[in-house]
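Source file upload-v4.txt; content: compact mmCIF, C-alpha atoms and all ligand atoms.
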```
# COMPACT_ATOMS: atom_id res chain seq x y z
CA MET D 1 102.49 100.75 134.79
CA ARG D 2 100.31 103.58 133.51
CA ILE D 3 100.13 103.84 129.72
CA GLY D 4 98.80 106.92 127.95
CA LEU D 5 97.14 106.73 124.54
CA ALA D 6 96.78 109.72 122.20
CA GLY D 7 94.09 109.25 119.54
CA ALA D 8 90.95 107.29 120.38
CA GLY D 9 89.86 106.33 116.85
CA ARG D 10 89.72 102.90 115.14
CA ILE D 11 93.14 101.53 116.09
CA GLY D 12 93.26 103.64 119.27
CA ALA D 13 90.20 101.96 120.76
CA PHE D 14 91.57 98.55 119.74
CA HIS D 15 95.04 99.16 121.24
CA ALA D 16 93.49 100.62 124.42
CA SER D 17 91.54 97.42 124.95
CA THR D 18 94.62 95.27 124.29
CA LEU D 19 96.71 97.40 126.68
CA ALA D 20 94.08 97.15 129.41
CA SER D 21 94.22 93.35 129.15
CA LEU D 22 98.00 93.18 129.66
CA GLU D 23 99.25 92.13 133.07
CA ASP D 24 101.85 94.93 133.22
CA VAL D 25 99.31 97.70 132.61
CA GLU D 26 97.53 99.05 135.69
CA GLN D 27 95.78 101.94 134.00
CA VAL D 28 95.14 103.21 130.47
CA VAL D 29 94.88 106.99 130.19
CA VAL D 30 93.39 108.38 126.96
CA THR D 31 93.32 111.73 125.21
CA ASP D 32 92.11 112.96 121.80
CA VAL D 33 91.75 116.36 120.11
CA VAL D 34 88.07 115.47 119.81
CA PRO D 35 87.39 114.86 123.52
CA ALA D 36 83.85 113.49 123.28
CA GLY D 37 84.80 110.12 121.75
CA ALA D 38 87.80 109.62 124.05
CA SER D 39 85.90 110.47 127.23
CA ARG D 40 83.09 108.09 126.21
CA LEU D 41 85.62 105.34 125.46
CA ALA D 42 87.22 105.94 128.87
CA GLU D 43 83.91 105.92 130.71
CA GLU D 44 82.73 102.71 129.03
CA ASN D 45 85.97 100.81 129.67
CA GLY D 46 87.33 102.09 132.98
CA TYR D 47 90.17 104.12 131.43
CA GLU D 48 91.14 107.55 132.67
CA PHE D 49 90.45 110.50 130.37
CA VAL D 50 92.82 113.49 130.39
CA PRO D 51 92.02 116.22 127.84
CA ASP D 52 95.50 117.78 127.65
CA LEU D 53 98.48 115.87 126.18
CA ASP D 54 101.16 117.52 128.36
CA ASP D 55 99.07 116.84 131.45
CA LEU D 56 98.69 113.20 130.36
CA LEU D 57 102.45 112.91 129.75
CA SER D 58 103.14 113.98 133.32
CA ARG D 59 100.95 111.13 134.62
CA VAL D 60 102.12 108.11 132.59
CA ASP D 61 105.11 105.77 132.25
CA GLY D 62 104.73 105.30 128.49
CA LEU D 63 102.72 106.76 125.61
CA VAL D 64 101.02 105.02 122.68
CA ILE D 65 100.38 107.34 119.71
CA THR D 66 97.34 106.29 117.68
CA ALA D 67 96.33 109.75 116.48
CA SER D 68 95.81 110.54 112.79
CA THR D 69 99.05 110.37 110.80
CA GLY D 70 99.42 114.16 110.55
CA ALA D 71 99.52 114.44 114.36
CA HIS D 72 102.23 111.80 114.95
CA ALA D 73 105.27 114.08 114.63
CA SER D 74 104.10 116.82 117.02
CA THR D 75 102.81 114.26 119.55
CA LEU D 76 106.09 112.34 119.43
CA ARG D 77 108.07 115.56 119.88
CA SER D 78 106.02 116.36 123.02
CA ALA D 79 106.62 112.85 124.40
CA LEU D 80 110.36 113.09 123.72
CA ALA D 81 110.50 116.50 125.43
CA ALA D 82 108.79 114.93 128.45
CA LYS D 83 111.21 111.93 128.27
CA VAL D 84 108.32 109.46 128.06
CA PRO D 85 109.06 106.13 126.25
CA THR D 86 106.75 106.04 123.25
CA PHE D 87 105.09 103.59 120.91
CA CYS D 88 104.13 105.40 117.69
CA GLU D 89 101.82 103.89 115.11
CA LYS D 90 103.16 103.89 111.56
CA PRO D 91 104.09 106.10 109.82
CA VAL D 92 106.19 108.13 112.27
CA ALA D 93 105.31 111.32 110.39
CA ALA D 94 103.38 112.44 107.35
CA THR D 95 106.44 113.63 105.41
CA LEU D 96 109.95 112.41 104.70
CA ALA D 97 111.49 115.64 106.04
CA GLU D 98 109.75 115.25 109.41
CA THR D 99 110.64 111.55 109.59
CA VAL D 100 114.33 112.36 109.01
CA GLU D 101 114.18 115.14 111.62
CA LEU D 102 112.63 112.77 114.18
CA ALA D 103 115.14 109.99 113.45
CA ASP D 104 117.97 112.49 114.03
CA LEU D 105 116.34 113.77 117.23
CA VAL D 106 115.78 110.27 118.65
CA ASP D 107 119.46 109.44 117.95
CA LYS D 108 120.48 112.28 120.28
CA LEU D 109 118.13 111.38 123.13
CA ASP D 110 117.96 108.54 125.58
CA VAL D 111 114.20 107.96 125.19
CA PRO D 112 113.11 104.71 123.52
CA VAL D 113 110.67 104.91 120.59
CA HIS D 114 109.00 101.77 119.23
CA VAL D 115 107.22 102.11 115.86
CA GLY D 116 104.08 100.08 115.21
CA PHE D 117 104.98 97.64 112.44
CA GLN D 118 103.15 94.70 113.99
CA ARG D 119 104.02 92.21 111.24
CA ARG D 120 107.43 91.86 112.94
CA PHE D 121 105.48 90.07 115.72
CA ASP D 122 103.33 87.89 113.47
CA SER D 123 104.28 84.21 113.77
CA GLY D 124 104.11 83.62 109.99
CA TYR D 125 106.44 86.48 109.06
CA ARG D 126 108.81 85.44 111.86
CA LYS D 127 108.90 81.88 110.52
CA ALA D 128 109.66 83.17 107.01
CA ARG D 129 112.47 85.28 108.41
CA ASP D 130 113.91 82.31 110.29
CA ALA D 131 113.81 80.24 107.09
CA VAL D 132 115.81 82.92 105.27
CA VAL D 133 118.29 83.37 108.12
CA ARG D 134 118.88 79.58 108.37
CA GLY D 135 119.34 79.29 104.60
CA GLU D 136 116.48 76.77 104.34
CA LEU D 137 115.25 78.28 101.06
CA GLY D 138 118.65 78.22 99.32
CA PHE D 139 119.31 81.54 97.65
CA VAL D 140 116.25 83.81 97.62
CA HIS D 141 115.49 85.19 94.15
CA THR D 142 111.89 86.46 94.33
CA VAL D 143 109.46 87.78 96.94
CA ARG D 144 105.76 88.37 96.35
CA ALA D 145 103.94 90.58 98.88
CA ASN D 146 100.48 92.01 99.12
CA THR D 147 98.24 94.06 101.40
CA HIS D 148 94.64 94.00 100.25
CA ASP D 149 92.11 95.67 102.54
CA GLN D 150 88.66 94.15 102.29
CA SER D 151 86.98 97.56 101.95
CA PRO D 152 88.17 101.17 102.01
CA PRO D 153 88.50 103.23 105.19
CA PRO D 154 86.35 106.38 105.45
CA ALA D 155 86.97 109.23 102.95
CA ALA D 156 88.18 111.48 105.79
CA TYR D 157 90.89 108.91 106.65
CA ILE D 158 92.11 108.74 103.04
CA ALA D 159 92.41 112.54 102.85
CA THR D 160 95.04 112.54 105.64
CA SER D 161 96.57 109.06 105.20
CA GLY D 162 99.52 110.05 102.98
CA GLY D 163 98.44 107.75 100.15
CA LEU D 164 98.34 104.01 99.51
CA PHE D 165 102.11 103.38 99.48
CA ARG D 166 102.88 105.48 102.61
CA ASP D 167 99.82 104.27 104.53
CA CYS D 168 99.33 100.66 103.46
CA SER D 169 102.29 99.19 101.53
CA ILE D 170 104.63 100.69 104.12
CA HIS D 171 103.91 97.55 106.19
CA ASP D 172 105.19 95.41 103.29
CA PHE D 173 108.28 97.61 102.91
CA ASP D 174 109.11 97.23 106.61
CA VAL D 175 108.52 93.50 106.81
CA LEU D 176 110.39 92.94 103.55
CA ARG D 177 113.50 94.37 105.25
CA PHE D 178 112.74 92.31 108.37
CA VAL D 179 112.31 89.01 106.50
CA THR D 180 115.07 89.32 103.88
CA GLY D 181 117.62 91.39 105.82
CA GLN D 182 118.11 93.39 102.61
CA GLU D 183 117.57 97.04 101.67
CA VAL D 184 115.60 98.19 98.63
CA ALA D 185 117.77 99.43 95.73
CA THR D 186 115.23 100.45 93.05
CA VAL D 187 111.46 100.72 92.63
CA TYR D 188 108.99 101.01 89.78
CA ALA D 189 105.40 101.69 90.88
CA VAL D 190 102.03 102.23 89.23
CA GLY D 191 98.54 102.97 90.51
CA ALA D 192 94.92 102.84 89.43
CA ASN D 193 91.52 104.18 90.49
CA LYS D 194 88.40 102.16 89.77
CA GLY D 195 86.68 102.74 93.12
CA ALA D 196 85.24 105.74 94.97
CA ASP D 197 85.92 109.26 93.70
CA PHE D 198 87.34 110.36 97.07
CA PHE D 199 90.63 108.58 96.26
CA THR D 200 91.15 110.65 93.10
CA GLU D 201 90.00 113.80 94.89
CA ALA D 202 92.69 113.21 97.57
CA GLY D 203 95.36 112.63 94.85
CA ASP D 204 95.48 108.99 95.97
CA ILE D 205 95.01 105.62 94.27
CA ASP D 206 92.86 102.71 95.44
CA THR D 207 95.06 100.03 93.87
CA GLY D 208 98.81 99.96 93.38
CA ALA D 209 101.61 97.68 92.28
CA ALA D 210 105.38 97.88 92.41
CA VAL D 211 108.43 95.98 91.30
CA LEU D 212 111.41 96.41 93.61
CA THR D 213 114.97 95.17 93.47
CA LEU D 214 116.88 94.52 96.68
CA ASP D 215 120.57 95.16 97.28
CA ASP D 216 121.45 91.50 96.70
CA GLY D 217 119.51 91.34 93.41
CA THR D 218 116.33 89.71 94.81
CA LEU D 219 113.23 90.76 92.84
CA VAL D 220 110.05 91.80 94.65
CA VAL D 221 106.55 91.99 93.18
CA LEU D 222 104.08 93.83 95.39
CA SER D 223 100.41 94.77 95.21
CA ALA D 224 98.00 96.77 97.36
CA THR D 225 94.33 97.59 97.12
CA ARG D 226 91.53 99.05 99.21
CA TYR D 227 89.05 96.77 97.39
CA GLY D 228 89.96 93.18 98.28
CA GLY D 229 86.27 92.29 98.50
CA GLY D 230 86.87 88.60 99.30
CA GLY D 231 88.44 89.40 102.69
CA HIS D 232 91.42 91.11 104.29
CA ASP D 233 94.33 89.56 102.41
CA VAL D 234 97.91 90.03 103.62
CA ARG D 235 100.48 87.59 102.32
CA MET D 236 104.12 87.14 101.46
CA GLU D 237 105.83 84.39 99.47
CA VAL D 238 109.59 84.06 99.71
CA MET D 239 110.96 81.95 96.86
CA GLY D 240 114.39 80.41 96.84
CA SER D 241 116.48 77.89 94.94
CA GLN D 242 115.60 75.20 97.53
CA GLY D 243 111.99 76.04 98.33
CA THR D 244 109.27 78.61 98.91
CA ILE D 245 107.62 79.69 102.14
CA GLY D 246 104.25 81.46 102.25
CA VAL D 247 102.92 83.79 104.97
CA GLY D 248 99.15 84.18 105.29
CA TYR D 249 98.23 80.80 103.79
CA ASP D 250 95.70 79.31 106.16
CA ASP D 251 92.03 78.44 105.89
CA SER D 252 91.07 82.12 106.17
CA LEU D 253 92.83 82.87 102.86
CA ALA D 254 90.72 85.38 100.89
CA VAL D 255 91.12 83.48 97.61
CA ARG D 256 88.75 80.89 96.13
CA SER D 257 90.37 77.93 94.45
CA ALA D 258 89.37 77.43 90.82
CA GLU D 259 90.41 73.78 90.95
CA ALA D 260 87.81 71.03 90.93
CA GLY D 261 87.41 69.11 94.19
CA VAL D 262 89.65 71.45 96.19
CA ASP D 263 88.07 72.64 99.42
CA TYR D 264 90.98 74.82 100.53
CA PRO D 265 90.62 77.44 101.88
CA ARG D 266 87.70 76.40 104.06
CA GLY D 267 87.18 79.83 105.66
CA PRO D 268 85.88 81.84 107.32
CA GLN D 269 87.78 84.79 105.86
CA LYS D 270 89.16 87.62 107.97
CA TRP D 271 87.66 91.03 107.34
CA SER D 272 90.04 93.54 108.89
CA PHE D 273 93.60 94.13 110.05
CA MET D 274 92.32 93.84 113.64
CA GLU D 275 91.25 90.24 113.02
CA ARG D 276 94.29 89.36 110.90
CA PHE D 277 96.86 90.72 113.35
CA SER D 278 95.18 90.62 116.78
CA ALA D 279 97.83 88.24 118.20
CA ALA D 280 100.66 90.30 116.67
CA TYR D 281 99.27 93.57 118.09
CA ARG D 282 99.09 91.97 121.53
CA THR D 283 102.69 90.69 121.40
CA GLU D 284 103.83 94.06 120.03
CA LEU D 285 102.22 96.04 122.87
CA ALA D 286 103.47 93.57 125.49
CA MET D 287 106.93 94.14 124.03
CA PHE D 288 106.40 97.90 124.32
CA CYS D 289 105.69 97.42 128.03
CA SER D 290 109.06 95.66 128.33
CA VAL D 291 110.64 98.66 126.56
CA VAL D 292 108.93 101.04 129.03
CA ALA D 293 110.16 98.90 131.93
CA GLY D 294 113.72 99.16 130.59
CA GLN D 295 113.84 95.39 130.01
CA ALA D 296 114.12 95.53 126.20
CA GLU D 297 115.40 97.79 123.46
CA SER D 298 112.99 99.14 120.86
CA PRO D 299 112.33 96.26 118.42
CA CYS D 300 111.45 98.65 115.59
CA THR D 301 113.18 102.02 115.67
CA VAL D 302 112.49 105.37 114.02
CA ALA D 303 115.52 104.63 111.80
CA ASP D 304 113.74 101.42 110.64
CA ALA D 305 110.56 103.39 110.02
CA LEU D 306 112.51 105.96 108.03
CA GLU D 307 113.79 103.26 105.66
CA ALA D 308 110.25 101.97 105.03
CA PHE D 309 109.04 105.54 104.50
CA ARG D 310 111.84 106.22 101.99
CA VAL D 311 110.68 103.22 99.92
CA ALA D 312 107.09 104.54 99.98
CA GLU D 313 108.40 107.94 98.92
CA ALA D 314 110.28 106.32 96.01
CA CYS D 315 107.09 104.52 94.95
CA GLU D 316 105.16 107.81 94.93
CA LEU D 317 107.93 109.45 92.87
CA SER D 318 107.92 106.52 90.45
CA ARG D 319 104.14 106.55 90.13
CA GLY D 320 104.15 110.32 89.51
CA THR D 321 106.94 110.31 86.93
CA GLY D 322 106.26 106.94 85.30
CA ARG D 323 109.89 105.83 85.60
CA PRO D 324 111.98 103.54 87.79
CA VAL D 325 113.49 105.30 90.81
CA ALA D 326 116.77 104.43 92.52
CA MET D 327 116.74 104.70 96.32
CA THR D 328 119.83 106.91 96.02
CA GLU D 329 117.48 109.61 94.63
CA ILE D 330 115.52 109.69 97.91
CA GLY D 331 116.76 111.86 100.78
CA GLY D 332 117.23 110.71 104.35
CA SER D 333 119.72 107.91 103.62
CA ARG D 334 121.71 106.98 106.76
N1 LIG F 1 99.57 99.26 112.45
C1 LIG F 1 98.41 99.13 111.86
O1 LIG F 1 98.04 98.05 111.41
C2 LIG F 1 97.48 100.31 111.78
C3 LIG F 1 96.13 100.08 111.51
C4 LIG F 1 95.29 101.19 111.44
C5 LIG F 1 95.78 102.46 111.64
N2 LIG F 1 97.10 102.63 111.87
C6 LIG F 1 97.65 104.01 112.05
O2 LIG F 1 97.05 104.55 113.24
C7 LIG F 1 96.73 105.91 113.04
C8 LIG F 1 95.26 106.14 113.37
O3 LIG F 1 94.48 105.40 112.46
P1 LIG F 1 92.92 105.18 112.72
O4 LIG F 1 92.46 104.27 111.67
O5 LIG F 1 92.68 104.81 114.14
O6 LIG F 1 92.38 106.65 112.44
P2 LIG F 1 91.05 107.33 113.00
O7 LIG F 1 90.80 108.48 112.09
O8 LIG F 1 89.99 106.32 113.23
O9 LIG F 1 91.47 107.87 114.45
C9 LIG F 1 92.40 108.90 114.63
C10 LIG F 1 92.07 109.60 115.96
O10 LIG F 1 93.12 110.53 116.24
C11 LIG F 1 92.52 111.70 116.76
N3 LIG F 1 93.49 112.80 116.66
C12 LIG F 1 93.79 113.57 115.60
N4 LIG F 1 94.76 114.46 115.93
C13 LIG F 1 95.07 114.22 117.23
C14 LIG F 1 96.00 114.79 118.14
N5 LIG F 1 96.80 115.80 117.79
N6 LIG F 1 96.05 114.29 119.39
C15 LIG F 1 95.23 113.29 119.79
N7 LIG F 1 94.33 112.71 118.97
C16 LIG F 1 94.26 113.16 117.71
C17 LIG F 1 91.26 111.87 115.95
O11 LIG F 1 90.35 112.75 116.59
C18 LIG F 1 90.77 110.43 115.89
O12 LIG F 1 89.96 110.11 117.02
C19 LIG F 1 97.13 106.27 111.61
O13 LIG F 1 98.38 106.92 111.64
C20 LIG F 1 97.25 104.92 110.91
O14 LIG F 1 98.27 104.93 109.91
C21 LIG F 1 97.96 101.59 111.97
```
Could I get this file's structure written as structure tokens?
Ligand SMILES: NC(=O)c1ccc[n+]([C@@H]2O[C@H](COP(=O)([O-])OP(=O)(O)OC[C@H]3O[C@@H](n4cnc5c(N)ncnc54)[C@H](O)[C@@H]3O)[C@@H](O)[C@H]2O)c1
Amino acid sequence: MRIGLAGAGRIGAFHASTLASLEDVEQVVVTDVVPAGASRLAEENGYEFVPDLDDLLSRVDGLVITASTGAHASTLRSALAAKVPTFCEKPVAATLAETVELADLVDKLDVPVHVGFQRRFDSGYRKARDAVVRGELGFVHTVRANTHDQSPPPAAYIATSGGLFRDCSIHDFDVLRFVTGQEVATVYAVGANKGADFFTEAGDIDTGAAVLTLDDGTLVVLSATRYGGGGHDVRMEVMGSQGTIGVGYDDSLAVRSAEAGVDYPRGPQKWSFMERFSAAYRTELAMFCSVVAGQAESPCTVADALEAFRVAEACELSRGTGRPVAMTEIGGSR
């Protein structure tokens, strides 16, 4: 099959290379509003370069959207109009209103859309989910989750990212629903800035924390930072009356033990989301090819993405007002 890719930046170049290595993909076709980088990427890797999105849509079987967040909604609308099955990187749109509009639109159409929450394809998160589903942990009372980037993305990325909770913690919000099978009921979130000025200038934070309650009363403690200097650190602990399971605890763990004589973790650390989730990204894009081929339903829908976005929105409201926020206060409930 021929797969188009809109947005040849950091994750775009990475996904293009993964797509090109998949058996089902005959040709990768790239476009970008800044053509120079995309045409160079195409030339260097044997992809096709097509400057115009509508032209590209007429030549492909599926589209992967890896453009900047602000361009997701319009690109997805074009793909839906052209009836092209689409994989859209998270978040589906920059605002709640647009996300709701797109969820409603996708409901009315027969075009599959798969949203890029790759943790659903990570073996650790899947094992944690299985443990919950099988009741191996007894009753789950607490979840701890974190996404700590090793170092910040460029200032220009932060300016259009939507903020730490919508850009970064949104992965935790999605996988929290995936692992526990529960919806978020309330949130209380705070943020801090000790790093570069460009976070404050963009109205963003470089470090955040939140306490969430889930519908069944489970408590969630979550943290996020752009300054996890010791390595890219993404983890989840699910604690129950019969046991605890931990995702992200291997020898690459970006934590040094303070205990004498303990040589765990032995390293080396991982430094980026590409390293941490390379296997998950590959499985995710292979699954998208099955969706394009009509062999599978979307494993992560726009409706799923809307729920994660609503939690991020609640965190921003809580951070701004300094009070707990109930999810019933946030629009877009389905
Ligand atoms: N799932 C993940 O783990 C993950 C990781 C990184 C980024 N992302 C998401 O992927 C998206 C891109 O992130 P990035 O780090 O690659 O950003 P980036 O800034 O490196 O790249 C974005 C690219 O999109 C291009 N672009 C902008 N508007 C466009 C349009 N209308 N059509 C085509 N191209 C357009 C830009 O020119 C740029 O080349 C973001 O939405 C981000 O949230 C997801």
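Taking CA of Ser123 (chain D) as the reference point, CA of Ser169 (chain D) is found at 19.4 Å.
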Handout entry: Residue nearest ligand LIG 1 (chain F) - candidates D:Leu56, D:Met236, D:Cys315, D:Met274, atoms counted: all atoms listed in the file
Key =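 Among the listed residues, D:Met274 lies closest to ligand LIG 1 (chain F).
Counting only C-alpha atoms, the residue from D:Pro85, D:Gly4, D:Pro152, D:Gly195 that sits nearest to Val111 (chain D) is D:Pro85.
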Handout entry: Shortest interatomic distance to Leu222 (chain D) - which of D:Asp197, D:Phe165, D:Gly12, D:Met239, counting all atoms listed in the file
Key =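 Between D:Asp197, D:Phe165, D:Gly12, D:Met239, the residue approaching Leu222 (chain D) most closely is D:Phe165.
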Practice task
Using all atoms listed in the file, find the one residue out of D:Asp122, D:Glu329, D:Asp104, D:Asp263 that sits nearest to Thr283 (chain D).
Solution key: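 Ranked by minimum distance to Thr283 (chain D), first place goes to D:Asp122.
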Exercise for the section: Grab the CA of Val28 (chain D) to CA of Leu5 (chain D) distance for me, in Å with one decimal place. Expected result: 7.2 Å
Practice task
Can you work out the spacing between CA of Ala189 (chain D) and atom O14 of ligand LIG 1 (chain F) in Å, to one decimal?
Solution key: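 Straight-line distance from CA of Ala189 (chain D) to atom O14 of ligand LIG 1 (chain F) works out to 20.6 Å.
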Exercise for the section: Give the answer as one residue: which of D:Ile3, D:Phe14, D:Ala159, D:Cys300 has the shortest atom-to-atom distance to Thr31 (chain D), using all atoms listed in the file? Expected result: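 Answer, going by the shortest atom-to-atom distance: D:Ile3.
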Exercise for the section: Around the point (108.0, 98.4, 93.0) in the file's coordinates, collect all residues with an atom within 12 Å, using only C-alpha atoms, and return them as a PyMOL selection string. Expected result: chain D and resi 143-146+165+169-170+172-173+184-191+208-214+219-224+311-319+322-327
Handout entry: Residue among D:Pro35, D:Gly294, D:Gly267, D:Gly320 lying closest to Val113 (chain D), counting only C-alpha atoms
Key = D:Gly294
Practice task
Write out as a list in words each polymer residue whose atoms come within 10 Å of Asp216 (chain D), counting only C-alpha atoms; drop sequence neighbours fewer than 4 positions from it.
Solution key: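 After dropping sequence-adjacent residues, the list is Val140, His141, Thr180, Gly181, Gln182, Glu183, Val184 and Ala185 of chain D.
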Handout entry: Who sits within 10 Å of Gly229 (chain D), only C-alpha atoms, same chain under 4 positions skipped, as a VMD selection string
Key = chain D and resid 148 to 152 225 233 254 271
Determine the axis-aligned bounding box of all atoms of region 254-273 of chain D present in the file, pad each side by 6 Å, and express its centre and edge lengths in Å to one decimal place as JSON.
```
{"center_x": 89.7, "center_y": 81.6, "center_z": 100.4, "size_x": 19.7, "size_y": 37.0, "size_z": 31.2}
```
How would you write as a JSON list (two decimals) with C-alpha atoms, in the frame of the given file the residues that get within 8 Å of (114.2, 114.3, 98.8) in the file's frame, counting all atoms listed in the file?
```
[["chain", "number", "residue", "atom", "x", "y", "z"],
["D", 96, "LEU", "CA", 109.95, 112.41, 104.70],
["D", 97, "ALA", "CA", 111.49, 115.64, 106.04],
["D", 329, "GLU", "CA", 117.48, 109.61, 94.63],
["D", 330, "ILE", "CA", 115.52, 109.69, 97.91],
["D", 331, "GLY", "CA", 116.76, 111.86, 100.78],
["D", 332, "GLY", "CA", 117.23, 110.71, 104.35]]
```
Region 30-134 of chain D near region 245-248 of chain D within 12 Å: what's each residue's closest atom pair and its distance in Å to one decimal, counting all atoms listed in the file, ordered by chain then ascending residue number, as a tab-separated table?
```
residue	atom	partner	partner_atom	distance
D:Arg119	CA	D:Val247	CA	10.6
D:Asp122	CA	D:Val247	CA	9.4
D:Ser123	CA	D:Val247	CA	8.9
D:Gly124	CA	D:Val247	CA	5.2
D:Tyr125	CA	D:Val247	CA	6.0
D:Arg126	CA	D:Val247	CA	9.2
D:Lys127	CA	D:Val247	CA	8.4
D:Ala128	CA	D:Ile245	CA	6.3
D:Arg129	CA	D:Ile245	CA	9.7
D:Asp130	CA	D:Ile245	CA	10.6
D:Ala131	CA	D:Ile245	CA	7.9
D:Val132	CA	D:Ile245	CA	9.3
```
Handout entry: Polymer residues at most 9 Å from Ser298 (chain D), all atoms listed in the file, same-chain spacing of 3 or more positions, as an MDAnalysis selection string
Key = chainID D and resid 112:115 287:288 291 301
